[in-house]
Amino acid sequence: MSQTTKIGNIEAIFLIVTIMINHIILNLPKFLLDKTHSGSLLNIIFITLIVLGIVYFISKLLKRFPNMDILDISEFLGGKILKYTIGILFMIYFLFFAGVFLRSFCESIKIIYFPTTPVMFLIIFFIIGMMMTNRLGTNAIIRANLIFIPVILFTIILIFFANIGNFTMQRMFPLLGNGIMPTFLSGLSNIFAFGGIAFLYFIPPYLKDAKEFKKIAITSVILSGIWLLFSIATLLFIFPSIVTTDEILPLYFASRFIQFGRFFQRLDAAFLLIWIISMTSYLSITLSFATNIFKKVTSFKYPYLIVYGGCLIVFLLSLIPKNYVQVHFLETTIYQYFVLSLIFAISLSILIFATFKRRKQIRVKGDGFIE
Amino acid sequence: MISGDTNELKVTFEFTKPNSSGESASSELAPTIINSVEATSLDSAINLMNTYVSKEINLSHCKAIVISESLAASGISKLLYSLMNKVQIRPDTNIIISKCFAKDFIQNTQPNLENLVAKYYEIAPVSSEYTGYTVNATIGDFFNQFSCQTCQPTATLRCY
């Protein structure tokens with residue numbers, strides 16, 4: 001993303017929602033259901049409220065650093081070393097997990113439609129897509145995302161409403177699932193589901209109107225929470241044994257139940273097509289942010305080379321897991337701890353300590369900082 | 001179509017002969033091919049059949065799964081999981097328990113008002129919408145009830 005690119009409110013909201021939506025399409029709802037069972041509905045509402053609080057706090061803290069992203073703030077707090085460290089951590093976050101999620105998605109497509117095709121070929125098609133969109137530029141990615149995200153959001157809503165006939169509403173009981181403690185205390189770690197808020201740390205310099213940051217952050221979390229609730233409810237009400245059956249794309253399996261009479265059946269193929277576009281959009285966005293971080297950290301001046309390098313890294317990383325079990329472990333367990341530590345612990349701590357430093361500076365210098 | 005007269009599974013497949021539906025626009029019944037193989041599992045039966053017909057069988061348009069009553073009574077948990085783990089088999093595929101062996105059931109099923117057997121198997125259970133004598137039992141619902149701790153799975157019991 002070049003420094004001259006400016007994005008509007010809706011574009012920024014959709015950027016953040018994209019991450020959540022793609023995780024919903026992958027294994028996120030199943031992982032949450034495995035953990036909190038029928039208490040998932042309450043758990044999602046609870047963690048959405050918690051994340052809303054965190055995001056509100058982040059927006060308050062970022063207010064003190066107008067037009068600065070987390071890298072600038074890290075440099076302000078701890079100099080170049082902290083900036084490089086945070087930059088590398090976020091690059092790992094974007095690139096490594098882009099590779100893992102790409103592999104996961106391709107493995108699922110392979111199982112569903114291409115059982116005899118080597119997964120590498122499927123991955124290459126996505127990599128080519130990433131490369132082309134990033135060569136076209138950030139504006140193209142963001143505008144394309146603006147077109148596709150409403151369609152993708154609509155598919156998840158459609159899966160919910162079209163499946164109402166197949167719902168067994170009693171499956172929401174017991175409402176507290178395994179009890180109060182697992183739902184609200186150990187279930188608190190489910191805030192990793194809102195990993196998309198990582199972009200919040202990077203978008204302030206690119207916003208057309210920096211004052212709208214709080215509105216963007218809160219709206220994107222509310223939207224993500226609602227759609228997560230819809231997807232969890234769909235799975236919970238349809239499948240009693242989601243734990244023991246389908247490991248791949250649980251929403252895809254829910255979409256297979258949809259039929260309108262004898263004429264409109266097998267809509268799952270259309271859903272999968274839309275989700276393929278969604279995945280390409282997600283990969284393009286993450287690569288765009290990763291290349292931007294790399295440029296900022298290294299002052300490298302050849303953008304196309306960074307794009308090619310990024311694509312190559314994502315491609316190679318996606319080939320690391322030996323099988324789907326390893327992919328599943330990486331995209332759930334490792335991703336969970338990485339998000340919790342990087343986005344909710346390290347980055348937030350940097351913001352807090354930088355705010356203290358800023359206050360101290362103002363006090364010492366008598367700086368004319370106005371909140 | 002699965003029956004169990006030995007320790008192994010006897011899996012019977014019924015296909016509509018390729019292009020037969022397109023060739024004859026008349027009211028003649030489209031010819032079908034019925035073949036059986038015995039194997040230890042559903043997957044090996046499909047593999048055997050793939051070898052026999054020299055084509056890869058795709059179950060995406062499978063309309064009904066018939067299980068013999070004797071096999072159903074002996075327990076079909078493993079078979080059910082095998083079926084559900086097959087992405088090709090759709091949750092709206094009908095499940096029928098036959099009083100006789102599945103092979104006999106499908107050999108004797110001769111729809112009078114339908115030219116295509118597949119269409120017959122798809123439409124027949126839908127009659128539950130206007131009669132009270134049948135039930136539209138799909139494998140998706142059957143498996144959901146089977147996995148649920150407080151439910152009992154139900155399927156259509158038929159004899160030819």
# chains A, B, ... in the order shown; residues from 1 in each chain; ligands from 1
call {"tool": "residues_around", "arguments": {"residues": "Ser318 (chain A)", "least_positions_apart": "2", "cutoff": "9 Å", "atoms": "only C-alpha atoms", "output": "ChimeraX atom specification"}}
result
/A:96-104,120,123,313-316,320-321,327
call {"tool": "select_by_dssp", "arguments": {"residues": "chain B", "states": "alpha helix (DSSP H)", "output": "PyMOL selection string"}}
result
chain B and resi 20-23+42-53+69-74+77-84+102-108+117-123+139-147
call {"tool": "write_last_selection", "arguments": {"atoms": "N, CA and C atoms", "output": "compact mmCIF listing (two decimals), in the first residue's frame"}}
result
# COMPACT_ATOMS: atom_id res chain seq x y z
N SER B 20 -28.97 -43.02 -22.80
CA SER B 20 -30.24 -43.66 -23.10
C SER B 20 -31.41 -42.70 -22.92
N SER B 21 -31.28 -41.78 -21.97
CA SER B 21 -32.38 -40.85 -21.75
C SER B 21 -32.51 -39.87 -22.90
N GLY B 22 -31.40 -39.56 -23.54
CA GLY B 22 -31.43 -38.60 -24.64
C GLY B 22 -31.88 -39.22 -25.94
N GLU B 23 -31.55 -40.50 -26.13
CA GLU B 23 -31.84 -41.16 -27.40
C GLU B 23 -33.34 -41.36 -27.61
N LEU B 42 -17.17 -50.23 1.82
CA LEU B 42 -17.83 -49.50 0.74
C LEU B 42 -16.80 -48.98 -0.26
N ASP B 43 -15.69 -48.48 0.27
CA ASP B 43 -14.66 -47.91 -0.62
C ASP B 43 -14.06 -48.97 -1.53
N SER B 44 -13.79 -50.14 -0.96
CA SER B 44 -13.21 -51.18 -1.82
C SER B 44 -14.25 -51.67 -2.83
N ALA B 45 -15.51 -51.64 -2.46
CA ALA B 45 -16.55 -52.02 -3.42
C ALA B 45 -16.60 -51.03 -4.59
N ILE B 46 -16.49 -49.76 -4.25
CA ILE B 46 -16.51 -48.74 -5.32
C ILE B 46 -15.28 -48.91 -6.21
N ASN B 47 -14.14 -49.18 -5.59
CA ASN B 47 -12.92 -49.40 -6.38
C ASN B 47 -13.05 -50.59 -7.31
N LEU B 48 -13.62 -51.66 -6.76
CA LEU B 48 -13.83 -52.85 -7.59
C LEU B 48 -14.74 -52.54 -8.77
N MET B 49 -15.78 -51.79 -8.48
CA MET B 49 -16.73 -51.44 -9.53
C MET B 49 -16.08 -50.52 -10.57
N ASN B 50 -15.22 -49.61 -10.08
CA ASN B 50 -14.47 -48.74 -11.01
C ASN B 50 -13.67 -49.58 -12.00
N THR B 51 -13.05 -50.64 -11.47
CA THR B 51 -12.24 -51.50 -12.32
C THR B 51 -13.13 -52.25 -13.30
N TYR B 52 -14.26 -52.70 -12.79
CA TYR B 52 -15.15 -53.53 -13.61
C TYR B 52 -15.76 -52.74 -14.77
N VAL B 53 -16.23 -51.53 -14.48
CA VAL B 53 -16.90 -50.76 -15.55
C VAL B 53 -15.93 -49.88 -16.34
N GLU B 69 -32.52 -54.97 5.49
CA GLU B 69 -32.97 -54.94 6.89
C GLU B 69 -32.01 -55.74 7.78
N SER B 70 -31.53 -56.88 7.24
CA SER B 70 -30.64 -57.73 8.05
C SER B 70 -29.33 -57.00 8.37
N LEU B 71 -28.81 -56.27 7.38
CA LEU B 71 -27.58 -55.51 7.62
C LEU B 71 -27.85 -54.35 8.59
N ALA B 72 -28.97 -53.67 8.40
CA ALA B 72 -29.32 -52.54 9.28
C ALA B 72 -29.45 -53.01 10.73
N ALA B 73 -30.03 -54.22 10.89
CA ALA B 73 -30.22 -54.75 12.24
C ALA B 73 -28.89 -55.10 12.90
N SER B 74 -27.90 -55.46 12.06
CA SER B 74 -26.60 -55.84 12.64
C SER B 74 -25.72 -54.62 12.95
N SER B 77 -23.13 -48.46 11.72
CA SER B 77 -22.40 -47.27 12.15
C SER B 77 -21.21 -46.97 11.23
N LYS B 78 -20.38 -48.00 11.00
CA LYS B 78 -19.18 -47.80 10.17
C LYS B 78 -19.56 -47.38 8.76
N LEU B 79 -20.58 -48.07 8.26
CA LEU B 79 -21.03 -47.79 6.89
C LEU B 79 -21.55 -46.36 6.77
N LEU B 80 -22.27 -45.94 7.80
CA LEU B 80 -22.85 -44.60 7.79
C LEU B 80 -21.76 -43.53 7.80
N TYR B 81 -20.74 -43.74 8.62
CA TYR B 81 -19.63 -42.78 8.67
C TYR B 81 -18.89 -42.75 7.33
N SER B 82 -18.72 -43.95 6.70
CA SER B 82 -18.08 -44.00 5.38
C SER B 82 -18.87 -43.19 4.37
N LEU B 83 -20.19 -43.34 4.44
CA LEU B 83 -21.04 -42.63 3.49
C LEU B 83 -20.96 -41.12 3.72
N MET B 84 -21.01 -40.72 5.00
CA MET B 84 -21.02 -39.28 5.31
C MET B 84 -19.67 -38.63 5.04
N ALA B 102 -30.86 -55.79 -0.88
CA ALA B 102 -30.91 -54.56 -1.68
C ALA B 102 -30.93 -54.87 -3.17
N LYS B 103 -30.17 -55.90 -3.55
CA LYS B 103 -30.10 -56.25 -4.98
C LYS B 103 -31.48 -56.65 -5.49
N ASP B 104 -32.16 -57.49 -4.71
CA ASP B 104 -33.51 -57.91 -5.11
C ASP B 104 -34.45 -56.71 -5.18
N PHE B 105 -34.28 -55.82 -4.22
CA PHE B 105 -35.15 -54.64 -4.17
C PHE B 105 -35.02 -53.82 -5.45
N ILE B 106 -33.79 -53.54 -5.83
CA ILE B 106 -33.64 -52.64 -7.00
C ILE B 106 -33.93 -53.37 -8.31
N GLN B 107 -33.70 -54.66 -8.32
CA GLN B 107 -34.02 -55.41 -9.54
C GLN B 107 -35.53 -55.44 -9.77
N ASN B 108 -36.27 -55.43 -8.69
CA ASN B 108 -37.73 -55.52 -8.81
C ASN B 108 -38.43 -54.18 -8.79
N VAL B 117 -35.08 -44.08 -13.75
CA VAL B 117 -35.12 -44.68 -12.41
C VAL B 117 -34.63 -43.68 -11.37
N ALA B 118 -33.59 -42.92 -11.74
CA ALA B 118 -33.03 -41.94 -10.79
C ALA B 118 -34.09 -40.93 -10.37
N LYS B 119 -34.90 -40.50 -11.35
CA LYS B 119 -35.95 -39.52 -11.05
C LYS B 119 -37.01 -40.15 -10.14
N TYR B 120 -37.29 -41.43 -10.39
CA TYR B 120 -38.26 -42.14 -9.56
C TYR B 120 -37.80 -42.15 -8.09
N TYR B 121 -36.52 -42.52 -7.89
CA TYR B 121 -36.01 -42.60 -6.52
C TYR B 121 -35.98 -41.23 -5.86
N GLU B 122 -35.83 -40.21 -6.66
CA GLU B 122 -35.79 -38.85 -6.10
C GLU B 122 -37.19 -38.36 -5.73
N ILE B 123 -38.15 -38.72 -6.60
CA ILE B 123 -39.51 -38.17 -6.41
C ILE B 123 -40.34 -39.00 -5.42
N ILE B 139 -30.31 -39.09 4.05
CA ILE B 139 -29.17 -39.59 4.81
C ILE B 139 -28.60 -38.51 5.74
N GLY B 140 -28.76 -37.23 5.35
CA GLY B 140 -28.29 -36.13 6.21
C GLY B 140 -29.03 -36.13 7.53
N ASP B 141 -30.38 -36.20 7.44
CA ASP B 141 -31.20 -36.22 8.66
C ASP B 141 -30.93 -37.50 9.46
N PHE B 142 -30.81 -38.60 8.72
CA PHE B 142 -30.59 -39.90 9.38
C PHE B 142 -29.30 -39.85 10.20
N PHE B 143 -28.25 -39.29 9.59
CA PHE B 143 -26.97 -39.23 10.29
C PHE B 143 -27.03 -38.26 11.48
N ASN B 144 -27.70 -37.13 11.27
CA ASN B 144 -27.83 -36.17 12.38
C ASN B 144 -28.55 -36.81 13.57
N GLN B 145 -29.62 -37.55 13.26
CA GLN B 145 -30.36 -38.21 14.35
C GLN B 145 -29.54 -39.34 14.96
N PHE B 146 -28.77 -39.98 14.11
CA PHE B 146 -27.92 -41.08 14.56
C PHE B 146 -26.84 -40.58 15.53
N SER B 147 -26.29 -39.40 15.24
CA SER B 147 -25.23 -38.85 16.08
C SER B 147 -25.75 -38.18 17.34
call {"tool": "interface_residues", "arguments": {"of": "chain A", "to": "chain B", "cutoff": "12 Å", "atoms": "only C-alpha atoms", "output": "compact mmCIF listing (two decimals) with C-alpha atoms, in the first residue's frame"}}
result
# COMPACT_ATOMS: atom_id res chain seq x y z
CA SER A 108 -10.51 -28.46 1.06
CA ILE A 109 -11.02 -27.68 -2.63
CA LYS A 110 -8.90 -30.68 -3.48
CA ILE A 111 -11.05 -32.96 -1.33
CA ILE A 112 -14.28 -31.57 -2.75
CA TYR A 113 -13.56 -31.13 -6.44
CA PHE A 114 -10.04 -32.16 -7.41
CA PRO A 115 -9.17 -35.39 -5.57
CA THR A 116 -6.49 -36.41 -8.05
CA GLY A 165 -36.07 -25.55 7.64
CA ASN A 166 -33.23 -27.86 8.65
CA PHE A 167 -32.67 -26.23 12.03
CA THR A 168 -33.26 -27.94 15.33
CA GLN A 170 -33.22 -27.03 20.75
CA ARG A 171 -29.56 -27.66 19.98
CA LEU A 235 -23.65 -24.98 12.27
CA LEU A 236 -24.96 -25.41 15.79
CA PHE A 237 -28.59 -25.74 14.69
CA ILE A 238 -27.91 -28.11 11.78
CA PHE A 239 -25.21 -30.49 13.00
CA PRO A 240 -25.40 -32.27 16.32
CA SER A 241 -22.02 -33.90 15.84
CA ILE A 242 -19.91 -31.32 14.09
CA VAL A 243 -17.10 -32.39 16.38
CA THR A 244 -16.82 -35.85 14.97
CA THR A 245 -17.60 -35.36 11.32
CA ASP A 246 -16.56 -32.98 8.60
CA GLU A 247 -13.19 -31.42 9.11
CA ILE A 248 -13.23 -29.27 6.01
CA LEU A 249 -15.12 -26.04 5.34
CA PRO A 250 -18.04 -26.58 7.75
CA TYR A 252 -19.72 -25.62 2.78
CA PHE A 253 -21.34 -28.67 4.33
CA ALA A 254 -24.13 -26.49 5.67
CA SER A 255 -24.62 -25.05 2.17
CA ARG A 256 -25.11 -28.55 0.78
CA PHE A 257 -28.41 -28.80 2.64
CA ILE A 258 -29.84 -25.84 0.74
CA GLN A 259 -32.41 -26.52 -1.92
CA GLY A 261 -37.71 -27.18 -4.61
CA ARG A 262 -36.39 -29.62 -7.19
CA GLN A 265 -30.34 -27.58 -5.85
CA ARG A 266 -26.58 -27.93 -5.47
CA LEU A 267 -26.01 -24.25 -4.77
CA ASP A 268 -22.83 -25.17 -2.91
call {"tool": "residues_around", "arguments": {"residues": "Ile47 (chain A)", "least_positions_apart": "5", "cutoff": "8 Å", "atoms": "only C-alpha atoms", "output": "list in words"}}
result
Leu188, Asn190 and Ile191 of chain A
call {"tool": "atom_distance", "arguments": {"atom1": "CA of Ile164 (chain A)", "atom2": "CA of Ile232 (chain A)"}}
result
13.5 Å
call {"tool": "residues_around", "arguments": {"residues": "Ala12 (chain A)", "least_positions_apart": "5", "cutoff": "8 Å", "atoms": "only C-alpha atoms", "output": "list in words"}}
result
Ile7, Ile203, Leu207 and Ile216 of chain A
call {"tool": "closest_residue", "arguments": {"among": "A:Ser278, A:Ser189, A:Thr286, A:Asn292", "to": "Leu153 (chain A)", "atoms": "only C-alpha atoms"}}
result
A:Ser278
call {"tool": "atom_distance", "arguments": {"atom1": "CA of Thr117 (chain A)", "atom2": "CA of Thr18 (chain A)"}}
result
28.0 Å
call {"tool": "residues_around", "arguments": {"residues": "Ile350 (chain A)", "least_positions_apart": "5", "cutoff": "8 Å", "atoms": "only C-alpha atoms", "output": "ChimeraX atom specification"}}
result
/A:73-74,77
call {"tool": "write_last_selection", "arguments": {"atoms": "C-alpha atoms", "output": "JSON list (two decimals), in the first residue's frame"}}
result
[["chain", "number", "residue", "atom", "x", "y", "z"],
["A", 73, "ILE", "CA", 4.73, 4.07, 17.30],
["A", 74, "SER", "CA", 7.22, 1.24, 17.98],
["A", 77, "LEU", "CA", 8.84, 3.95, 21.88]]
call {"tool": "residues_around", "arguments": {"residues": "Phe148 (chain A)", "least_positions_apart": "4", "cutoff": "10 Å", "atoms": "only C-alpha atoms", "output": "ChimeraX atom specification"}}
result
/A:14,18,142-144,152-154,274-275,277-278,281
call {"tool": "residues_around", "arguments": {"residues": "Leu95 (chain A)", "least_positions_apart": "5", "cutoff": "12 Å", "atoms": "only C-alpha atoms", "output": "mmCIF file with C-alpha atoms, in the first residue's frame"}}
result
data_model
loop_
_atom_site.group_PDB
_atom_site.id
_atom_site.type_symbol
_atom_site.label_atom_id
_atom_site.label_comp_id
_atom_site.auth_asym_id
_atom_site.auth_seq_id
_atom_site.Cartn_x
_atom_site.Cartn_y
_atom_site.Cartn_z
ATOM 1 C CA GLY A 87 7.687 -5.283 11.604
ATOM 2 C CA ILE A 88 9.107 -8.788 11.335
ATOM 3 C CA LEU A 89 6.484 -10.212 13.700
ATOM 4 C CA PHE A 90 3.661 -8.681 11.679
ATOM 5 C CA VAL A 100 -1.355 -21.734 6.090
ATOM 6 C CA PHE A 101 -4.868 -20.555 5.242
ATOM 7 C CA LEU A 102 -4.153 -20.868 1.544
ATOM 8 C CA TYR A 282 -7.869 -11.960 1.453
ATOM 9 C CA LEU A 283 -4.486 -13.154 0.189
ATOM 10 C CA SER A 284 -4.034 -10.027 -1.908
ATOM 11 C CA ILE A 285 -4.784 -7.770 1.057
ATOM 12 C CA THR A 286 -2.422 -9.577 3.412
ATOM 13 C CA LEU A 287 0.358 -9.567 0.816
ATOM 14 C CA SER A 288 -0.234 -5.873 0.203
ATOM 15 C CA PHE A 289 0.119 -5.100 3.923
ATOM 16 C CA ALA A 290 3.144 -7.386 4.292
ATOM 17 C CA THR A 291 4.956 -5.728 1.383
ATOM 18 C CA ILE A 293 5.667 -3.328 6.161
ATOM 19 C CA PHE A 294 8.741 -4.652 4.370
ATOM 20 C CA VAL A 307 5.550 -8.583 -4.479
ATOM 21 C CA GLY A 309 9.305 -12.272 -3.189
ATOM 22 C CA GLY A 310 6.194 -12.177 -0.993
ATOM 23 C CA CYS A 311 4.330 -14.499 -3.348
ATOM 24 C CA LEU A 312 7.249 -16.917 -3.384
ATOM 25 C CA ILE A 313 7.413 -16.905 0.417
ATOM 26 C CA VAL A 314 3.654 -17.536 0.750
ATOM 27 C CA PHE A 315 3.914 -20.339 -1.808
ATOM 28 C CA LEU A 316 6.800 -22.009 0.011
ATOM 29 C CA LEU A 317 5.206 -21.550 3.427
ATOM 30 C CA SER A 318 1.990 -23.121 2.194
#
call {"tool": "closest_residue", "arguments": {"among": "A:Ile149, A:Phe105, A:Phe202, A:Ala210", "to": "Lys296 (chain A)", "atoms": "only C-alpha atoms"}}
result
A:Phe202
call {"tool": "atom_distance", "arguments": {"atom1": "CA of Ile159 (chain A)", "atom2": "CA of Ile21 (chain A)"}}
result
13.7 Å
